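Trainee: Sending over start37.tsv (TSV, C-alpha atoms).
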```
chain	number	residue	atom	x	y	z
A	1	MET	CA	50.22	-56.45	-4.06
A	2	ALA	CA	52.76	-59.09	-5.09
A	3	THR	CA	53.90	-60.20	-8.52
A	4	VAL	CA	53.33	-63.94	-8.70
A	5	LEU	CA	54.38	-66.35	-11.45
A	6	VAL	CA	52.52	-69.66	-11.69
A	7	THR	CA	53.58	-72.46	-14.03
A	8	GLY	CA	50.95	-74.86	-15.33
A	9	CYS	CA	48.35	-72.10	-15.24
A	10	ASN	CA	45.93	-73.39	-17.85
A	11	ARG	CA	43.92	-75.89	-15.78
A	12	GLY	CA	43.41	-77.56	-12.43
A	13	ILE	CA	45.31	-76.24	-9.43
A	14	GLY	CA	47.33	-73.77	-11.49
A	15	LEU	CA	44.22	-72.17	-12.93
A	16	GLN	CA	42.72	-71.83	-9.46
A	17	LEU	CA	45.94	-70.38	-8.04
A	18	CYS	CA	45.86	-67.70	-10.74
A	19	THR	CA	42.14	-67.07	-10.19
A	20	GLN	CA	42.44	-66.59	-6.43
A	21	LEU	CA	45.67	-64.60	-6.50
A	22	HIS	CA	44.26	-62.29	-9.15
A	23	ALA	CA	41.02	-61.87	-7.17
A	24	ARG	CA	42.90	-60.65	-4.12
A	25	GLY	CA	44.80	-58.08	-6.14
A	26	ASP	CA	48.13	-59.72	-6.93
A	27	GLN	CA	49.75	-59.21	-10.31
A	28	VAL	CA	49.72	-62.69	-11.82
A	29	ILE	CA	51.86	-64.09	-14.62
A	30	GLY	CA	50.57	-67.45	-15.79
A	31	VAL	CA	52.90	-69.75	-17.71
A	32	CYS	CA	51.86	-72.81	-19.72
A	33	ARG	CA	52.42	-74.76	-22.91
A	34	SER	CA	49.00	-73.87	-24.34
A	35	ALA	CA	46.50	-71.42	-22.88
A	36	SER	CA	42.99	-72.70	-22.22
A	37	PRO	CA	39.82	-70.67	-22.72
A	38	GLU	CA	39.57	-70.46	-18.92
A	39	SER	CA	43.10	-69.12	-18.43
A	40	SER	CA	42.72	-66.67	-21.30
A	41	ALA	CA	39.55	-65.30	-19.72
A	42	LEU	CA	41.12	-64.65	-16.30
A	43	GLY	CA	42.39	-61.19	-17.10
A	44	VAL	CA	45.96	-62.04	-16.09
A	45	ARG	CA	49.10	-62.05	-18.18
A	46	VAL	CA	49.56	-65.49	-19.76
A	47	ILE	CA	52.82	-66.55	-21.40
A	48	GLU	CA	52.20	-69.68	-23.42
A	49	GLY	CA	54.48	-71.91	-25.46
A	50	ILE	CA	56.62	-72.69	-22.39
A	51	ASP	CA	57.57	-76.29	-21.66
A	52	VAL	CA	59.28	-76.48	-18.25
A	53	SER	CA	61.09	-79.66	-19.30
A	54	ASP	CA	62.86	-77.92	-22.20
A	55	GLY	CA	65.91	-75.75	-21.59
A	56	ASP	CA	65.45	-73.52	-24.64
A	57	SER	CA	61.79	-72.97	-23.79
A	58	VAL	CA	62.58	-71.93	-20.23
A	59	ALA	CA	65.39	-69.69	-21.48
A	60	SER	CA	62.86	-67.90	-23.69
A	61	LEU	CA	60.68	-67.34	-20.62
A	62	ALA	CA	63.63	-65.78	-18.80
A	63	HIS	CA	64.30	-63.56	-21.81
A	64	THR	CA	60.66	-62.44	-21.93
A	65	LEU	CA	60.73	-61.55	-18.23
A	66	ASP	CA	64.20	-60.01	-18.19
A	67	GLY	CA	64.36	-57.26	-15.56
A	68	GLU	CA	60.86	-57.88	-14.15
A	69	PRO	CA	60.88	-58.52	-10.38
A	70	ILE	CA	59.04	-61.63	-9.17
A	71	ASP	CA	57.90	-61.77	-5.55
A	72	ILE	CA	56.49	-65.30	-5.56
A	73	LEU	CA	57.42	-68.12	-7.93
A	74	ILE	CA	55.06	-71.10	-7.83
A	75	ASN	CA	56.40	-74.14	-9.66
A	76	ASN	CA	53.11	-75.93	-10.18
A	77	ALA	CA	53.44	-77.62	-13.59
A	78	GLY	CA	53.52	-81.40	-13.32
A	79	ILE	CA	52.41	-84.66	-14.88
A	80	LEU	CA	51.33	-88.05	-13.53
A	81	ARG	CA	51.62	-91.28	-15.48
A	82	SER	CA	50.49	-94.27	-13.42
A	83	ASP	CA	52.47	-97.49	-13.46
A	84	SER	CA	53.19	-100.63	-11.44
A	85	LEU	CA	56.16	-102.95	-11.09
A	86	GLU	CA	54.83	-104.99	-14.00
A	87	SER	CA	54.16	-102.01	-16.28
A	88	ILE	CA	57.07	-99.58	-15.92
A	89	ASP	CA	57.86	-97.62	-19.08
A	90	TYR	CA	61.26	-96.08	-18.46
A	91	ASP	CA	60.85	-93.44	-21.15
A	92	VAL	CA	57.62	-92.28	-19.48
A	93	MET	CA	59.40	-92.39	-16.13
A	94	LEU	CA	62.08	-90.08	-17.51
A	95	GLN	CA	59.41	-87.74	-18.90
A	96	GLN	CA	57.96	-87.35	-15.40
A	97	TYR	CA	61.44	-86.72	-14.02
A	98	ARG	CA	62.06	-84.00	-16.63
A	99	VAL	CA	58.79	-82.22	-15.84
A	100	ASN	CA	58.27	-82.81	-12.11
A	101	THR	CA	61.87	-82.76	-10.87
A	102	LEU	CA	63.99	-80.82	-13.33
A	103	GLY	CA	61.18	-78.44	-14.33
A	104	PRO	CA	61.09	-76.54	-11.01
A	105	LEU	CA	64.88	-76.40	-10.97
A	106	ARG	CA	65.11	-75.12	-14.55
A	107	VAL	CA	62.52	-72.43	-13.97
A	108	THR	CA	63.95	-71.28	-10.65
A	109	GLN	CA	67.50	-71.18	-11.97
A	110	ALA	CA	66.45	-69.33	-15.12
A	111	LEU	CA	64.55	-66.70	-13.10
A	112	LEU	CA	67.16	-66.13	-10.40
A	113	GLY	CA	67.73	-62.64	-11.78
A	114	ASN	CA	64.05	-61.84	-11.25
A	115	LEU	CA	64.00	-62.97	-7.64
A	116	HIS	CA	65.14	-60.68	-4.85
A	117	GLU	CA	65.51	-60.54	-1.09
A	118	GLY	CA	62.08	-61.32	0.33
A	119	SER	CA	60.96	-63.38	-2.68
A	120	LYS	CA	59.45	-66.82	-2.15
A	121	VAL	CA	59.75	-70.02	-4.18
A	122	ALA	CA	57.11	-72.75	-3.88
A	123	ILE	CA	57.28	-76.18	-5.45
A	124	VAL	CA	54.01	-78.09	-5.68
A	125	SER	CA	55.29	-81.53	-4.77
A	126	SER	CA	53.30	-84.45	-3.36
A	127	ARG	CA	53.19	-86.53	-0.21
A	128	VAL	CA	53.89	-89.55	-2.44
A	129	GLY	CA	57.40	-88.09	-2.54
A	130	SER	CA	57.68	-88.93	1.16
A	131	ILE	CA	59.69	-92.10	1.72
A	132	ALA	CA	58.41	-92.46	5.29
A	133	ASP	CA	54.79	-92.06	4.16
A	134	ASN	CA	54.90	-94.69	1.39
A	135	SER	CA	52.43	-97.38	2.40
A	136	SER	CA	51.22	-98.62	-0.98
A	137	GLY	CA	54.01	-98.83	-3.58
A	138	ASN	CA	53.30	-98.50	-7.33
A	139	ASN	CA	53.52	-95.28	-9.38
A	140	TYR	CA	57.28	-95.62	-9.58
A	141	GLY	CA	57.81	-92.80	-12.04
A	142	TYR	CA	55.65	-90.27	-10.23
A	143	ARG	CA	56.90	-91.15	-6.75
A	144	VAL	CA	60.56	-91.00	-7.74
A	145	SER	CA	60.06	-87.70	-9.58
A	146	LYS	CA	58.49	-86.14	-6.47
A	147	VAL	CA	61.23	-87.43	-4.16
A	148	GLY	CA	63.63	-85.70	-6.54
A	149	ALA	CA	61.55	-82.53	-6.48
A	150	ASN	CA	61.75	-82.51	-2.69
A	151	MET	CA	65.53	-82.75	-2.83
A	152	VAL	CA	65.64	-79.94	-5.40
A	153	GLY	CA	63.58	-77.84	-3.01
A	154	MET	CA	65.82	-78.58	-0.05
A	155	ASN	CA	68.93	-77.74	-2.08
A	156	LEU	CA	67.30	-74.47	-3.13
A	157	ARG	CA	66.43	-73.78	0.49
A	158	HIS	CA	70.14	-73.80	1.36
A	159	ASP	CA	71.36	-72.00	-1.75
A	160	LEU	CA	68.72	-69.26	-1.69
A	161	ASP	CA	68.75	-68.60	2.05
A	162	PRO	CA	71.80	-66.27	1.83
A	163	ARG	CA	69.86	-64.25	-0.76
A	164	GLY	CA	66.92	-63.84	1.61
A	165	ILE	CA	64.65	-66.11	-0.46
A	166	ALA	CA	62.45	-68.70	1.28
A	167	VAL	CA	61.46	-72.05	-0.25
A	168	ALA	CA	58.52	-74.39	0.44
A	169	LEU	CA	57.61	-77.89	-0.71
A	170	LEU	CA	53.83	-78.19	-0.84
A	171	HIS	CA	51.45	-81.14	-1.09
A	172	PRO	CA	48.14	-79.93	-2.58
A	173	GLY	CA	46.09	-82.84	-1.24
A	174	LEU	CA	44.27	-85.37	-3.38
A	175	VAL	CA	42.70	-82.99	-5.87
A	176	ALA	CA	39.92	-83.73	-8.37
A	177	THR	CA	41.73	-82.95	-11.64
A	178	ASP	CA	42.45	-84.77	-14.88
A	179	MET	CA	45.61	-86.13	-13.22
A	180	THR	CA	43.63	-87.96	-10.52
A	181	GLY	CA	40.66	-88.97	-12.64
A	182	GLY	CA	38.37	-86.58	-10.79
A	183	ALA	CA	38.91	-87.99	-7.28
A	184	GLY	CA	39.51	-85.73	-4.31
A	185	ILE	CA	38.86	-82.17	-3.15
A	186	SER	CA	38.19	-79.31	-5.55
A	187	PRO	CA	41.09	-77.44	-7.15
A	188	SER	CA	39.63	-74.29	-5.58
A	189	GLU	CA	39.92	-75.70	-2.05
A	190	SER	CA	43.44	-76.96	-2.70
A	191	ALA	CA	44.60	-73.65	-4.14
A	192	LYS	CA	43.22	-71.80	-1.12
A	193	GLY	CA	45.30	-73.95	1.21
A	194	LEU	CA	48.42	-73.62	-0.92
A	195	ILE	CA	48.13	-69.83	-0.95
A	196	GLU	CA	47.75	-69.81	2.83
A	197	ARG	CA	50.94	-71.86	3.20
A	198	ILE	CA	52.84	-69.57	0.83
A	199	ASP	CA	51.64	-66.54	2.76
A	200	GLU	CA	53.04	-68.14	5.93
A	201	LEU	CA	56.39	-68.95	4.31
A	202	SER	CA	59.38	-67.06	5.69
A	203	LEU	CA	63.09	-67.50	6.28
A	204	GLU	CA	62.18	-68.91	9.69
A	205	ASN	CA	60.34	-71.91	8.22
A	206	THR	CA	62.05	-72.16	4.81
A	207	GLY	CA	62.58	-75.72	3.61
A	208	SER	CA	59.32	-76.99	5.11
A	209	PHE	CA	57.37	-79.85	3.48
A	210	TRP	CA	53.76	-78.88	4.10
A	211	HIS	CA	50.35	-80.33	3.40
A	212	ALA	CA	48.03	-77.64	2.01
A	213	GLU	CA	45.99	-78.07	5.17
A	214	GLY	CA	48.89	-76.68	7.21
A	215	TYR	CA	50.68	-79.60	8.84
A	216	THR	CA	54.20	-80.74	8.03
A	217	LEU	CA	54.86	-84.02	6.25
A	218	PRO	CA	57.64	-86.53	6.89
A	219	TRP	CA	60.45	-86.83	4.37
```
Is it possible to give me this structure as structure tokens?
Mentor:
Amino acid sequence: MATVLVTGCNRGIGLQLCTQLHARGDQVIGVCRSASPESSALGVRVIEGIDVSDGDSVASLAHTLDGEPIDILINNAGILRSDSLESIDYDVMLQQYRVNTLGPLRVTQALLGNLHEGSKVAIVSSRVGSIADNSSGNNYGYRVSKVGANMVGMNLRHDLDPRGIAVALLHPGLVATDMTGGAGISPSESAKGLIERIDELSLENTGSFWHAEGYTLPW
């Protein structure tokens, strides 16, 4: 049984991650800004009022969890605000950067004292953060924020390796959530694949950029 912390636990992929991890016997800590009826009914520990883009909020999370070991940290919280070259809102672009890029870094840094040799850190990124895979343009804010998240993950891979902590960048697939307007695979199917990839994560393959289906993605 592992102790797993999942950010963005109140809906979508995060809710399914918590559901499936709890079902297999892991001790789950769900973190979110506001709990949903579904997350509250899971039977897992939920810490709400946490905004991963806010330093004071993340510091309060670290204070709440002071001294509690975490085996797996899943940085799942994220936002998508669509745009095009003609419709870029730079304030909205910065908001995505604060949540999608700096959020995983803030949370991981704040919880360093909870991680230990053998712990794992996963960042739910996106294949739209792949420069080589970009074949359509648009979504400037989201794409750039995910490229940044990938670099955060690779930096963490190097900095956490001496501590015996492995890091993965994970693309969940196109998932039918509020973020995608309901298009794609089910959050349940995506979460299953993500958990399989995290289970496979080790110091031998740390720093990998994986699709939830199991294959590596180009940077």
Trainee: Tell me, in Å to one decimal, how far CA of Gly193 (chain A) is from CA of Glu213 (chain A).
Mentor: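 Computing it gives 5.8 Å between the two atoms.
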Trainee: When you count all atoms listed in the file, which of these residues is closest to Ala212 (chain A): A:Ile13, A:Ile165, A:Val28, A:Met154?
Mentor: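 Comparing A:Ile13, A:Ile165, A:Val28, A:Met154 against Ala212 (chain A), the winner is A:Ile13.
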Trainee: Suppose you want the space between CA of Val144 (chain A) and CA of Gln95 (chain A); what is it in Å?
Mentor: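 About the pair CA of Val144 (chain A) and CA of Gln95 (chain A): they are 11.7 Å apart.
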Trainee: Compile the contact shell of Asp159 (chain A) as number ranges by chain: residues with an atom at most 12 Å away, counting all atoms listed in the file, same-chain residues fewer than 6 positions apart removed.
Mentor: A: 108-109, 112, 152-153, 165-167, 206-207
Trainee: Choose the residue, out of A:Asp51, A:Asp56, A:Asp83, A:Asp71, that has the smallest atom-to-atom separation from Ile29 (chain A); count all atoms listed in the file.
Mentor: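 Of A:Asp51, A:Asp56, A:Asp83, A:Asp71, the one nearest Ile29 (chain A) is A:Asp71, counting all atoms listed in the file.
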Trainee: Might you pull out every residue within 9 Å of region 46-49 of chain A, with all atoms listed in the file counted and same-chain residues fewer than 6 positions away left off, and present them as a list in words?
Mentor: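 Near neighbours after the sequence-gap exclusion: Cys9, Asn10, Val28, Ile29, Gly30, Val31, Cys32, Arg33, Ser34, Ala35, Ser39, Ser40, Ser57, Leu61 and Thr64 of chain A.
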Trainee: CA of Ser36 (chain A) and CA of Leu170 (chain A), how far apart in Å?
Mentor: 24.6 Å
Trainee: Please determine, counting all atoms listed in the file, which residue among A:Leu94, A:Ala62, A:Leu203, A:Val124 has the shortest atom-to-atom distance to Val6 (chain A).
Mentor: A:Val124
Trainee: Pick out the closest residue to Arg45 (chain A) from this set: A:Leu85, A:Leu17, A:Ala77, A:Leu5. Count all atoms listed in the file.
Mentor: A:Leu5
Trainee: Go through A:Leu174, A:Ile131, A:Gly43, A:Asn100 one by one, measure the shortest atom-to-atom distance of each to Ile79 (chain A) using all atoms listed in the file, and give the residue with the smallest value.
Mentor: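 Using all atoms listed in the file, Ile79 (chain A) sits closest to A:Asn100.
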Trainee: A:Leu21, A:Ile195, A:Ile74, A:Val52: which is nearest Ala110 (chain A), counting only C-alpha atoms?
Mentor: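 Between A:Leu21, A:Ile195, A:Ile74, A:Val52, the residue approaching Ala110 (chain A) most closely is A:Val52.
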Trainee: Generate N, CA and C atoms for region 113-146 of chain A and emit them as a PDB file, keeping the file's coordinate frame.
Mentor:
```pdb
ATOM      1  N   GLY A 113      67.553 -64.082 -11.643  1.00  0.00           N
ATOM      2  CA  GLY A 113      67.730 -62.640 -11.780  1.00  0.00           C
ATOM      3  C   GLY A 113      66.472 -61.842 -11.504  1.00  0.00           C
ATOM      4  N   ASN A 114      65.321 -62.513 -11.529  1.00  0.00           N
ATOM      5  CA  ASN A 114      64.050 -61.840 -11.250  1.00  0.00           C
ATOM      6  C   ASN A 114      63.679 -61.885  -9.772  1.00  0.00           C
ATOM      7  N   LEU A 115      64.272 -62.840  -9.067  1.00  0.00           N
ATOM      8  CA  LEU A 115      64.000 -62.970  -7.640  1.00  0.00           C
ATOM      9  C   LEU A 115      64.864 -62.007  -6.852  1.00  0.00           C
ATOM     10  N   HIS A 116      64.442 -61.689  -5.649  1.00  0.00           N
ATOM     11  CA  HIS A 116      65.140 -60.680  -4.850  1.00  0.00           C
ATOM     12  C   HIS A 116      64.986 -61.023  -3.374  1.00  0.00           C
ATOM     13  N   GLU A 117      65.668 -60.323  -2.523  1.00  0.00           N
ATOM     14  CA  GLU A 117      65.510 -60.540  -1.090  1.00  0.00           C
ATOM     15  C   GLU A 117      64.045 -60.353  -0.705  1.00  0.00           C
ATOM     16  N   GLY A 118      63.499 -61.350  -0.031  1.00  0.00           N
ATOM     17  CA  GLY A 118      62.080 -61.320   0.330  1.00  0.00           C
ATOM     18  C   GLY A 118      61.201 -62.107  -0.623  1.00  0.00           C
ATOM     19  N   SER A 119      61.738 -62.534  -1.771  1.00  0.00           N
ATOM     20  CA  SER A 119      60.960 -63.380  -2.680  1.00  0.00           C
ATOM     21  C   SER A 119      60.728 -64.751  -2.051  1.00  0.00           C
ATOM     22  N   LYS A 120      59.753 -65.469  -2.609  1.00  0.00           N
ATOM     23  CA  LYS A 120      59.450 -66.820  -2.150  1.00  0.00           C
ATOM     24  C   LYS A 120      59.374 -67.757  -3.362  1.00  0.00           C
ATOM     25  N   VAL A 121      59.839 -68.990  -3.153  1.00  0.00           N
ATOM     26  CA  VAL A 121      59.750 -70.020  -4.180  1.00  0.00           C
ATOM     27  C   VAL A 121      58.966 -71.193  -3.605  1.00  0.00           C
ATOM     28  N   ALA A 122      57.907 -71.598  -4.291  1.00  0.00           N
ATOM     29  CA  ALA A 122      57.110 -72.750  -3.880  1.00  0.00           C
ATOM     30  C   ALA A 122      57.164 -73.810  -4.964  1.00  0.00           C
ATOM     31  N   ILE A 123      57.332 -75.049  -4.536  1.00  0.00           N
ATOM     32  CA  ILE A 123      57.280 -76.180  -5.450  1.00  0.00           C
ATOM     33  C   ILE A 123      56.091 -77.035  -5.041  1.00  0.00           C
ATOM     34  N   VAL A 124      55.141 -77.210  -5.955  1.00  0.00           N
ATOM     35  CA  VAL A 124      54.010 -78.090  -5.680  1.00  0.00           C
ATOM     36  C   VAL A 124      54.502 -79.520  -5.873  1.00  0.00           C
ATOM     37  N   SER A 125      54.784 -80.165  -4.774  1.00  0.00           N
ATOM     38  CA  SER A 125      55.290 -81.530  -4.770  1.00  0.00           C
ATOM     39  C   SER A 125      54.127 -82.480  -4.497  1.00  0.00           C
ATOM     40  N   SER A 126      54.361 -83.515  -3.720  1.00  0.00           N
ATOM     41  CA  SER A 126      53.300 -84.450  -3.360  1.00  0.00           C
ATOM     42  C   SER A 126      53.758 -85.275  -2.177  1.00  0.00           C
ATOM     43  N   ARG A 127      52.814 -85.679  -1.346  1.00  0.00           N
ATOM     44  CA  ARG A 127      53.190 -86.530  -0.210  1.00  0.00           C
ATOM     45  C   ARG A 127      53.653 -87.906  -0.691  1.00  0.00           C
ATOM     46  N   VAL A 128      53.351 -88.279  -1.943  1.00  0.00           N
ATOM     47  CA  VAL A 128      53.890 -89.550  -2.440  1.00  0.00           C
ATOM     48  C   VAL A 128      55.401 -89.461  -2.647  1.00  0.00           C
ATOM     49  N   GLY A 129      55.947 -88.256  -2.543  1.00  0.00           N
ATOM     50  CA  GLY A 129      57.400 -88.090  -2.540  1.00  0.00           C
ATOM     51  C   GLY A 129      58.008 -88.289  -1.172  1.00  0.00           C
ATOM     52  N   SER A 130      57.190 -88.625  -0.184  1.00  0.00           N
ATOM     53  CA  SER A 130      57.680 -88.930   1.160  1.00  0.00           C
ATOM     54  C   SER A 130      58.039 -90.403   1.249  1.00  0.00           C
ATOM     55  N   ILE A 131      59.285 -90.708   1.564  1.00  0.00           N
ATOM     56  CA  ILE A 131      59.690 -92.100   1.720  1.00  0.00           C
ATOM     57  C   ILE A 131      59.034 -92.709   2.957  1.00  0.00           C
ATOM     58  N   ALA A 132      58.995 -91.948   4.049  1.00  0.00           N
ATOM     59  CA  ALA A 132      58.410 -92.460   5.290  1.00  0.00           C
ATOM     60  C   ALA A 132      56.914 -92.709   5.168  1.00  0.00           C
ATOM     61  N   ASP A 133      56.254 -91.983   4.272  1.00  0.00           N
ATOM     62  CA  ASP A 133      54.790 -92.060   4.160  1.00  0.00           C
ATOM     63  C   ASP A 133      54.331 -93.077   3.118  1.00  0.00           C
ATOM     64  N   ASN A 134      55.263 -93.746   2.455  1.00  0.00           N
ATOM     65  CA  ASN A 134      54.900 -94.690   1.390  1.00  0.00           C
ATOM     66  C   ASN A 134      54.365 -95.975   1.999  1.00  0.00           C
ATOM     67  N   SER A 135      53.059 -96.192   1.834  1.00  0.00           N
ATOM     68  CA  SER A 135      52.430 -97.380   2.400  1.00  0.00           C
ATOM     69  C   SER A 135      51.752 -98.245   1.347  1.00  0.00           C
ATOM     70  N   SER A 136      51.962 -97.890   0.049  1.00  0.00           N
ATOM     71  CA  SER A 136      51.220 -98.620  -0.980  1.00  0.00           C
ATOM     72  C   SER A 136      52.037 -99.040  -2.188  1.00  0.00           C
ATOM     73  N   GLY A 137      53.234 -98.479  -2.389  1.00  0.00           N
ATOM     74  CA  GLY A 137      54.010 -98.830  -3.580  1.00  0.00           C
ATOM     75  C   GLY A 137      53.385 -98.306  -4.858  1.00  0.00           C
ATOM     76  N   ASN A 138      53.794 -98.877  -6.002  1.00  0.00           N
ATOM     77  CA  ASN A 138      53.300 -98.500  -7.330  1.00  0.00           C
ATOM     78  C   ASN A 138      53.633 -97.039  -7.678  1.00  0.00           C
ATOM     79  N   ASN A 139      53.241 -96.635  -8.877  1.00  0.00           N
ATOM     80  CA  ASN A 139      53.520 -95.280  -9.380  1.00  0.00           C
ATOM     81  C   ASN A 139      54.998 -94.913  -9.213  1.00  0.00           C
ATOM     82  N   TYR A 140      55.836 -95.797  -9.722  1.00  0.00           N
ATOM     83  CA  TYR A 140      57.280 -95.620  -9.580  1.00  0.00           C
ATOM     84  C   TYR A 140      57.752 -94.298 -10.163  1.00  0.00           C
ATOM     85  N   GLY A 141      57.340 -94.011 -11.382  1.00  0.00           N
ATOM     86  CA  GLY A 141      57.810 -92.800 -12.040  1.00  0.00           C
ATOM     87  C   GLY A 141      57.399 -91.535 -11.295  1.00  0.00           C
ATOM     88  N   TYR A 142      56.144 -91.462 -10.905  1.00  0.00           N
ATOM     89  CA  TYR A 142      55.650 -90.270 -10.230  1.00  0.00           C
ATOM     90  C   TYR A 142      56.280 -90.114  -8.848  1.00  0.00           C
ATOM     91  N   ARG A 143      56.312 -91.205  -8.086  1.00  0.00           N
ATOM     92  CA  ARG A 143      56.900 -91.150  -6.750  1.00  0.00           C
ATOM     93  C   ARG A 143      58.362 -90.693  -6.795  1.00  0.00           C
ATOM     94  N   VAL A 144      59.131 -91.330  -7.658  1.00  0.00           N
ATOM     95  CA  VAL A 144      60.560 -91.000  -7.740  1.00  0.00           C
ATOM     96  C   VAL A 144      60.750 -89.546  -8.182  1.00  0.00           C
ATOM     97  N   SER A 145      59.928 -89.084  -9.114  1.00  0.00           N
ATOM     98  CA  SER A 145      60.060 -87.700  -9.580  1.00  0.00           C
ATOM     99  C   SER A 145      59.760 -86.710  -8.465  1.00  0.00           C
ATOM    100  N   LYS A 146      58.845 -87.052  -7.567  1.00  0.00           N
ATOM    101  CA  LYS A 146      58.490 -86.140  -6.470  1.00  0.00           C
ATOM    102  C   LYS A 146      59.511 -86.204  -5.331  1.00  0.00           C
TER     103      LYS A 146
END
```
